[in-house]
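Source file: query23.cif. Holds: mmCIF, C-alpha atoms.
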```
data_protein
loop_
_atom_site.label_atom_id
_atom_site.label_comp_id
_atom_site.auth_asym_id
_atom_site.auth_seq_id
_atom_site.Cartn_x
_atom_site.Cartn_y
_atom_site.Cartn_z
CA MET A 24 78.00 19.45 133.83
CA GLU A 25 78.26 20.62 137.43
CA GLY A 26 81.76 19.14 137.65
CA VAL A 27 82.82 20.94 134.47
CA ILE A 28 81.48 24.26 135.73
CA GLN A 29 83.11 23.85 139.13
CA ASN A 30 86.51 23.53 137.41
CA LEU A 31 88.07 21.55 140.23
CA GLN A 32 86.91 24.09 142.84
CA GLU A 33 85.93 21.47 145.40
CA ASN A 34 84.16 23.92 147.73
CA SER A 35 82.16 25.67 145.02
CA LYS A 36 78.42 25.48 144.55
CA VAL A 37 76.62 25.48 141.19
CA GLU A 38 73.12 26.94 141.03
CA ASN A 39 70.62 27.71 138.29
CA LEU A 40 72.26 25.28 135.86
CA GLU A 41 70.73 25.52 132.40
CA LEU A 42 71.77 23.57 129.30
CA LEU A 43 70.62 24.59 125.83
CA ASN A 44 70.91 22.79 122.49
CA TYR A 45 72.35 19.61 123.98
CA ASP A 46 70.16 17.04 122.19
CA ILE A 47 72.22 16.12 119.13
CA SER A 48 69.52 13.66 118.01
CA SER A 49 67.40 16.72 117.25
CA GLN A 50 68.24 18.04 113.78
CA GLN A 51 67.26 21.58 114.83
CA GLN A 52 69.54 21.59 117.89
CA TYR A 53 72.44 19.84 116.18
CA SER A 54 73.50 22.92 114.23
CA LYS A 55 73.11 25.33 117.16
CA PRO A 56 75.85 26.07 119.71
CA PHE A 57 75.81 24.10 122.95
CA ILE A 58 75.19 26.63 125.72
CA THR A 59 75.79 26.22 129.43
CA LYS A 60 74.52 28.84 131.87
CA ALA A 61 75.05 28.65 135.61
CA GLN A 62 75.76 30.59 138.75
CA LEU A 63 78.95 29.55 140.57
CA THR A 64 79.76 30.46 144.14
CA GLY A 65 83.35 29.53 144.87
CA PRO A 66 85.04 30.57 148.11
CA ASP A 67 88.32 29.02 146.90
CA LEU A 68 88.50 31.73 144.23
CA LEU A 69 89.08 34.33 146.97
CA GLU A 70 92.14 34.74 149.12
CA SER A 71 92.38 37.19 152.01
CA ALA A 72 95.30 39.63 151.98
CA GLY A 73 94.83 41.94 154.98
CA ASN A 74 91.91 44.27 154.21
CA LYS A 75 92.00 43.26 150.54
CA PHE A 76 91.01 40.12 148.70
CA ILE A 77 92.69 38.41 145.78
CA PHE A 78 90.05 37.16 143.35
CA LYS A 79 91.39 34.41 141.09
CA VAL A 80 88.99 35.20 138.25
CA GLY A 81 91.05 33.37 135.62
CA GLU A 82 90.40 30.06 137.32
CA VAL A 83 86.74 30.36 136.38
CA ILE A 84 87.54 29.17 132.83
CA GLY A 85 89.32 26.09 134.15
CA GLU A 86 92.83 24.84 133.62
CA GLN A 87 94.21 25.57 130.16
CA HIS A 88 96.89 23.82 128.12
CA THR A 89 100.19 25.54 127.49
CA MET A 90 102.64 25.21 124.65
CA TYR A 91 106.11 26.03 125.90
CA ASN A 92 108.87 24.25 124.02
CA GLU A 93 112.52 23.86 124.81
CA LYS A 94 113.32 22.63 121.31
CA PRO A 95 112.18 24.07 117.96
CA ARG A 96 108.93 22.68 116.57
CA GLN A 97 109.47 20.15 113.77
CA HIS A 98 105.93 19.41 112.55
CA PRO A 99 102.80 21.33 111.52
CA VAL A 100 99.93 21.81 113.96
CA ASN A 101 97.05 19.33 113.85
CA ILE A 102 94.06 19.61 116.15
CA ASP A 103 91.28 17.05 116.38
CA PHE A 104 88.38 19.35 115.47
CA THR A 105 87.55 22.99 115.00
CA HIS A 106 85.92 24.55 118.03
CA GLU A 107 85.14 27.82 119.70
CA TYR A 108 84.42 28.85 123.28
CA VAL A 109 82.38 31.98 123.88
CA ARG A 110 82.33 32.83 127.56
CA GLU A 111 80.60 35.60 129.44
CA ILE A 112 81.48 35.80 133.10
CA THR A 113 79.55 38.17 135.36
CA VAL A 114 81.14 38.94 138.71
CA ASN A 115 79.12 40.64 141.42
CA ILE A 116 81.42 43.04 143.25
CA PRO A 117 80.28 43.52 146.86
CA THR A 118 78.87 46.96 147.71
CA GLY A 119 81.58 49.33 148.87
CA MET A 120 84.40 47.40 147.21
CA LYS A 121 86.26 48.14 144.00
CA ALA A 122 88.28 45.89 141.72
CA SER A 123 91.75 46.76 140.51
CA GLY A 124 93.99 45.02 137.98
CA LEU A 125 91.21 45.00 135.39
CA GLU A 126 93.59 45.73 132.49
CA SER A 127 95.00 42.21 132.87
CA LEU A 128 91.61 40.96 131.63
CA LYS A 129 92.32 42.40 128.16
CA ILE A 130 94.13 39.88 125.99
CA ASP A 131 94.18 39.89 122.20
CA ARG A 132 96.09 37.19 120.28
CA GLU A 133 95.48 36.05 116.72
CA CYS A 134 96.93 33.55 114.31
CA LYS A 135 96.30 34.40 110.64
CA ASN A 136 97.59 32.75 107.50
CA GLU A 137 99.43 34.62 104.73
CA ALA A 138 96.10 35.57 103.11
CA GLY A 139 94.96 37.21 106.36
CA GLU A 140 92.41 34.48 107.17
CA LEU A 141 91.87 33.96 110.90
CA MET A 142 93.05 30.51 111.95
CA ALA A 143 92.87 30.83 115.75
CA ALA A 144 92.29 33.61 118.27
CA PHE A 145 91.91 34.47 121.93
CA HIS A 146 90.17 37.77 122.74
CA SER A 147 89.09 38.87 126.19
CA GLU A 148 87.63 42.18 127.32
CA TYR A 149 85.67 43.54 130.24
CA GLU A 150 83.06 46.12 131.15
CA VAL A 151 82.00 47.43 134.55
CA LYS A 152 78.25 47.97 134.96
CA GLY A 153 77.50 49.34 138.42
CA ASN A 154 78.61 46.64 140.86
CA GLN A 155 79.00 44.02 138.14
CA LEU A 156 82.13 43.17 136.20
CA VAL A 157 81.24 41.54 132.87
CA ILE A 158 84.06 39.65 131.15
CA ARG A 159 83.67 38.44 127.57
CA ILE A 160 86.02 35.86 126.09
CA ARG A 161 86.10 34.36 122.60
CA GLU A 162 88.58 31.54 122.04
CA SER A 163 88.55 30.12 118.52
CA TYR A 164 90.34 27.30 116.74
CA LEU A 165 88.97 27.52 113.22
CA HIS A 166 91.21 25.15 111.25
CA MET A 167 92.40 21.64 112.04
CA ASN A 168 95.71 21.83 110.17
CA LEU A 169 98.16 24.71 110.33
CA PRO A 170 101.55 24.81 108.63
CA LEU A 171 104.71 24.93 110.68
CA SER A 172 105.16 28.57 109.62
CA LEU A 173 102.11 29.52 111.78
CA TYR A 174 103.21 27.61 114.84
CA GLU A 175 104.50 30.58 116.86
CA ASP A 176 101.29 32.58 116.33
CA PHE A 177 99.15 29.50 117.14
CA ARG A 178 101.22 28.89 120.26
CA ALA A 179 100.65 32.52 121.34
CA VAL A 180 96.87 31.95 121.11
CA VAL A 181 96.99 28.77 123.20
CA ASN A 182 99.26 30.39 125.78
CA ALA A 183 96.97 33.46 125.93
CA ALA A 184 94.20 31.21 127.29
CA ALA A 185 96.65 29.82 129.86
CA ASP A 186 97.72 33.37 130.74
CA PHE A 187 94.08 34.35 131.32
CA ASN A 188 93.72 31.34 133.62
CA ARG A 189 96.33 32.96 135.91
CA VAL A 190 94.68 36.40 136.08
CA SER A 191 93.80 37.64 139.55
CA LEU A 192 92.13 40.88 140.59
CA ILE A 193 92.41 42.82 143.84
CA LEU A 194 89.16 43.64 145.62
CA GLU A 195 89.44 46.41 148.21
#
```
Translate the structure described by the file into structure tokens.
Amino acid sequence: MEGVIQNLQENSKVENLELLNYDISSQQQYSKPFITKAQLTGPDLLESAGNKFIFKVGEVIGEQHTMYNEKPRQHPVNIDFTHEYVREITVNIPTGMKASGLESLKIDRECKNEAGELMAAFHSEYEVKGNQLVIRIRESYLHMNLPLSLYEDFRAVVNAAADFNRVSLILE
């Protein structure tokens, strides 16, 4: 799990790793969500820019797939299994510094069918609590088969996750 949490940040360090509900042979744990908690220190997420720093916060969720097509889609969407990622990222902002560009952390994309049923979604929001920035992300793929008519909305959800992956903040 350390490799997954590090998200290809070769110089990062994972501490306080905790896994919950991972024993699928246990009937009680099988129906609960798999939870990973850890503290990541990653100097590669910061880039110096004079007296400011660029914090590549989006990279914390790891590389995301994109769906950019040059030709029109011909077939419905089929995914292997329904799944959902619920992420809470807490960033400790050093004393005396402030973060700007926070609005880029707010993303809200949904794919609903004609009946209004949620098929897929990417929602991210943030809150500042003292010197901590708390980012909450919910990425959901709730149905395995979507008709071609929903492709553009589904694609917007997938690309929203990729867009979040590219979010950077300025610390000054």
How far is it from CA of Leu69 in chain A to CA of Ile130 in chain A, in Å with one decimal?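 These two atoms are separated by 22.3 Å.
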For the point (95.2, 40.1, 135.8) in the file's frame, write as a count of residues only all residues with an atom no more than 7 Å away, counting all atoms listed in the file. 8
Might you spell out which residues the PyMOL selection byres ((chain A and resi 107) around 8) would select in the displayed file, as a compact mmCIF listing (two decimals) with C-alpha atoms, in the frame of the given file?
```
# COMPACT_ATOMS: atom_id res chain seq x y z
CA THR A 105 87.55 22.99 115.00
CA HIS A 106 85.92 24.55 118.03
CA TYR A 108 84.42 28.85 123.28
CA VAL A 109 82.38 31.98 123.88
CA ARG A 161 86.10 34.36 122.60
CA GLU A 162 88.58 31.54 122.04
CA SER A 163 88.55 30.12 118.52
CA TYR A 164 90.34 27.30 116.74
CA LEU A 165 88.97 27.52 113.22
```
Report as a PyMOL selection string all protein, DNA and RNA residues lying within 12 Å of Tyr45 in chain A, evaluated on only C-alpha atoms, omitting residues in the same chain fewer than 6 positions from it. chain A and resi 24+51-59
Keeping C-alpha atoms, export the residues of the selection given above as a PDB file, in the frame of the given file.
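Contents of selection36.pdb, freshly written:
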```pdb
ATOM      1  CA  MET A  24      78.000  19.450 133.830  1.00  0.00           C
ATOM      2  CA  GLN A  51      67.260  21.580 114.830  1.00  0.00           C
ATOM      3  CA  GLN A  52      69.540  21.590 117.890  1.00  0.00           C
ATOM      4  CA  TYR A  53      72.440  19.840 116.180  1.00  0.00           C
ATOM      5  CA  SER A  54      73.500  22.920 114.230  1.00  0.00           C
ATOM      6  CA  LYS A  55      73.110  25.330 117.160  1.00  0.00           C
ATOM      7  CA  PRO A  56      75.850  26.070 119.710  1.00  0.00           C
ATOM      8  CA  PHE A  57      75.810  24.100 122.950  1.00  0.00           C
ATOM      9  CA  ILE A  58      75.190  26.630 125.720  1.00  0.00           C
ATOM     10  CA  THR A  59      75.790  26.220 129.430  1.00  0.00           C
TER      11      THR A  59
END
```
Which is closest to Ala179 in chain A among A:Glu195, A:Glu41, A:Glu140, A:Asp131, if we use all atoms listed in the file?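 Once distances to Ala179 in chain A are computed over all atoms listed in the file, the minimum belongs to A:Asp131.
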Could you tell me which residues the PyMOL selection byres ((chain A and resi 86) around 10) grabs in this file, written as a PDB file with C-alpha atoms, keeping the file's coordinate frame?
```pdb
ATOM      1  CA  ASN A  30      86.510  23.530 137.410  1.00  0.00           C
ATOM      2  CA  LEU A  31      88.070  21.550 140.230  1.00  0.00           C
ATOM      3  CA  GLY A  81      91.050  33.370 135.620  1.00  0.00           C
ATOM      4  CA  GLU A  82      90.400  30.060 137.320  1.00  0.00           C
ATOM      5  CA  VAL A  83      86.740  30.360 136.380  1.00  0.00           C
ATOM      6  CA  ILE A  84      87.540  29.170 132.830  1.00  0.00           C
ATOM      7  CA  GLY A  85      89.320  26.090 134.150  1.00  0.00           C
ATOM      8  CA  GLN A  87      94.210  25.570 130.160  1.00  0.00           C
ATOM      9  CA  HIS A  88      96.890  23.820 128.120  1.00  0.00           C
ATOM     10  CA  THR A  89     100.190  25.540 127.490  1.00  0.00           C
ATOM     11  CA  ALA A 184      94.200  31.210 127.290  1.00  0.00           C
ATOM     12  CA  ALA A 185      96.650  29.820 129.860  1.00  0.00           C
ATOM     13  CA  PHE A 187      94.080  34.350 131.320  1.00  0.00           C
ATOM     14  CA  ASN A 188      93.720  31.340 133.620  1.00  0.00           C
ATOM     15  CA  ARG A 189      96.330  32.960 135.910  1.00  0.00           C
TER      16      ARG A 189
END
```
The PyMOL selection byres ((chain A and resi 169) around 6) applied to the shown file, residues as number ranges by chain: A: 99-100, 168, 170
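Put simply, CA of Glu137 in chain A is 9.7 Å away from CA of Ser172 in chain A.
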Closest of A:Pro95, A:Pro117, A:Pro66, A:Gly73 to Glu175 in chain A, counting all atoms listed in the file, is A:Pro95
Among A:Met142, A:Val80, A:Ile116, A:Ile158, Ile102 in chain A is approached most closely, using all atoms listed in the file, by A:Met142
Counting all atoms listed in the file, the option among A:Asn92, A:Asn115, A:Asn182, A:Asn154 closest to Arg132 in chain A: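 Looking only at the distances to Arg132 in chain A, the closest residue turns out to be A:Asn182.
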Save range 67-112 of chain A to disk from that block, C-alpha atoms included, as a PDB file, in the first residue's frame.
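Dumped to selection12.pdb:
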```pdb
ATOM      1  CA  ASP A  67       8.446  16.510  -4.981  1.00  0.00           C
ATOM      2  CA  LEU A  68       4.974  17.998  -4.526  1.00  0.00           C
ATOM      3  CA  LEU A  69       6.556  21.417  -3.885  1.00  0.00           C
ATOM      4  CA  GLU A  70       8.346  23.605  -6.377  1.00  0.00           C
ATOM      5  CA  SER A  71      10.131  26.820  -5.460  1.00  0.00           C
ATOM      6  CA  ALA A  72       9.152  29.971  -7.362  1.00  0.00           C
ATOM      7  CA  GLY A  73      11.116  32.851  -5.810  1.00  0.00           C
ATOM      8  CA  ASN A  74       9.616  33.574  -2.382  1.00  0.00           C
ATOM      9  CA  LYS A  75       6.559  31.441  -3.207  1.00  0.00           C
ATOM     10  CA  PHE A  76       6.017  27.725  -3.545  1.00  0.00           C
ATOM     11  CA  ILE A  77       3.881  25.823  -6.011  1.00  0.00           C
ATOM     12  CA  PHE A  78       2.139  22.953  -4.238  1.00  0.00           C
ATOM     13  CA  LYS A  79       1.005  20.257  -6.667  1.00  0.00           C
ATOM     14  CA  VAL A  80      -1.872  19.100  -4.470  1.00  0.00           C
ATOM     15  CA  GLY A  81      -3.703  17.332  -7.296  1.00  0.00           C
ATOM     16  CA  GLU A  82      -0.895  14.817  -7.626  1.00  0.00           C
ATOM     17  CA  VAL A  83      -1.795  13.452  -4.200  1.00  0.00           C
ATOM     18  CA  ILE A  84      -4.688  11.468  -5.745  1.00  0.00           C
ATOM     19  CA  GLY A  85      -2.382   9.885  -8.303  1.00  0.00           C
ATOM     20  CA  GLU A  86      -2.493   9.864 -12.065  1.00  0.00           C
ATOM     21  CA  GLN A  87      -6.013   9.780 -13.490  1.00  0.00           C
ATOM     22  CA  HIS A  88      -7.338   8.498 -16.802  1.00  0.00           C
ATOM     23  CA  THR A  89      -8.625  10.943 -19.379  1.00  0.00           C
ATOM     24  CA  MET A  90     -11.204  10.532 -22.090  1.00  0.00           C
ATOM     25  CA  TYR A  91     -10.415  12.911 -24.918  1.00  0.00           C
ATOM     26  CA  ASN A  92     -11.581  11.692 -28.305  1.00  0.00           C
ATOM     27  CA  GLU A  93     -10.788  12.928 -31.762  1.00  0.00           C
ATOM     28  CA  LYS A  94     -13.615  10.916 -33.309  1.00  0.00           C
ATOM     29  CA  PRO A  95     -17.235  10.599 -32.122  1.00  0.00           C
ATOM     30  CA  ARG A  96     -17.950   7.751 -29.710  1.00  0.00           C
ATOM     31  CA  GLN A  97     -19.648   4.780 -31.377  1.00  0.00           C
ATOM     32  CA  HIS A  98     -20.431   2.453 -28.452  1.00  0.00           C
ATOM     33  CA  PRO A  99     -22.018   2.658 -24.991  1.00  0.00           C
ATOM     34  CA  VAL A 100     -19.851   2.900 -21.878  1.00  0.00           C
ATOM     35  CA  ASN A 101     -18.985  -0.313 -20.038  1.00  0.00           C
ATOM     36  CA  ILE A 102     -16.878  -0.323 -16.887  1.00  0.00           C
ATOM     37  CA  ASP A 103     -15.674  -3.453 -15.130  1.00  0.00           C
ATOM     38  CA  PHE A 104     -17.285  -2.803 -11.747  1.00  0.00           C
ATOM     39  CA  THR A 105     -19.030  -0.103  -9.794  1.00  0.00           C
ATOM     40  CA  HIS A 106     -16.746   1.731  -7.408  1.00  0.00           C
ATOM     41  CA  GLU A 107     -16.360   4.868  -5.388  1.00  0.00           C
ATOM     42  CA  TYR A 108     -13.390   6.752  -3.977  1.00  0.00           C
ATOM     43  CA  VAL A 109     -13.929   8.954  -0.952  1.00  0.00           C
ATOM     44  CA  ARG A 110     -10.808  10.958  -0.212  1.00  0.00           C
ATOM     45  CA  GLU A 111     -10.029  13.405   2.551  1.00  0.00           C
ATOM     46  CA  ILE A 112      -6.713  15.170   2.197  1.00  0.00           C
TER      47      ILE A 112
END
```
